[in-house]
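Structure first, then comments.
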Amino acid sequence: MDYSELDKCFIKRLSQLRGLKKVSAREMSLSIGQSEAYINSIENGNSLPSMTVFFYICEYLGVTPSEFFDFDNRNPQETGELIAGFRRLNLKQQGLVLALIKEITPR
């Protein structure tokens, strides 16, 4: 993957995760301590964040940097909640949930 392709993936992922959080680009920009047009500038392909600001973006979105770049995970916040809930179940309950997942997952 060349950098321009990675840039496009980054921009798409930022937009996707911001949409899941249901916040405007302006609101997000201000919440992470940037100018009101900052996120729009990124999403329009005019700039990319510094590493420090990227960490602020991840914190604001409630995802880890790893989850941010896990493009197959369409909703990392819910995935995290599912995993946390699964861990609180006893072994029998975990087995039942796993059986249900296997039953409803397309092969």
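Ligands are numbered from 1 in the order shown, chains are lettered A, B, ... in the order of the structure tokens, and residues start at 1 in each chain.
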
Selection: 9 Å around A:Leu14, only C-alpha atoms, excl. self and same-chain fewer than 2 positions, as a list in words: Cys9, Phe10, Ile11, Lys12, Gln16, Leu17, Arg18, Gly19, Ile39, Ile42, Glu43, Ile57 and Phe68 of chain A

Could you write those residues out with C-alpha atoms, as a PDB file, in the first residue's frame?
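Contents of out_25.pdb, as written:
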ATOM      1  CA  CYS A   9      -7.907   4.761   4.161  1.00  0.00           C
ATOM      2  CA  PHE A  10      -7.048   7.004   7.104  1.00  0.00           C
ATOM      3  CA  ILE A  11      -9.431   9.717   5.924  1.00  0.00           C
ATOM      4  CA  LYS A  12     -12.242   7.230   5.285  1.00  0.00           C
ATOM      5  CA  GLN A  16     -16.535   6.563   9.536  1.00  0.00           C
ATOM      6  CA  LEU A  17     -15.663   6.615  13.234  1.00  0.00           C
ATOM      7  CA  ARG A  18     -16.710  10.242  13.609  1.00  0.00           C
ATOM      8  CA  GLY A  19     -20.039   9.337  12.001  1.00  0.00           C
ATOM      9  CA  ILE A  39     -11.011  17.733  11.008  1.00  0.00           C
ATOM     10  CA  ILE A  42      -8.040  16.167   7.212  1.00  0.00           C
ATOM     11  CA  GLU A  43     -11.206  14.662   5.739  1.00  0.00           C
ATOM     12  CA  ILE A  57      -8.330  11.762  17.959  1.00  0.00           C
ATOM     13  CA  PHE A  68      -8.423   2.839  14.394  1.00  0.00           C
TER      14      PHE A  68
END

Every residue of chain A that DSSP places in alpha helix (DSSP H), as a PyMOL selection string: chain A and resi 3-21+25-31+38-43+51-61+65-68+76-88+91-104

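Using only C-alpha atoms for every distance, the candidate list A:Asn75, A:Gly85, A:Asn46, A:Ile32 yields A:Ile32 as the residue closest to A:Glu59.
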
Given only C-alpha atoms as the counted atoms, nearest of A:Leu82, A:Leu91, A:Ala25, A:Leu96 to A:Asn44: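 Nearest to A:Asn44: A:Ala25.
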
Spatial neighbours of A:Leu98, max dist 12 Å, only C-alpha atoms, sep filter under 6 positions, as a ChimeraX atom specification: /A:82-83,86,89,91-92,104-105

Best match for closeness to A:Ser47 among A:Glu67, A:Asp7, A:Glu103, A:Glu78, counting only C-alpha atoms: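 Selected residue with least distance to A:Ser47: A:Asp7.
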
Shell around A:Ala37 at 10 Å using only C-alpha atoms, local window under 5 positions removed, as a VMD selection string: chain A and resid 25 to 30 42

Pairwise distance for atom CA of A:Asn90 and atom CA of A:Gln77, rounded to one decimal in Å: 22.6 Å

Atom CA of A:Asn73 to atom CA of A:Arg107, straight-line distance in Å: 18.1 Å
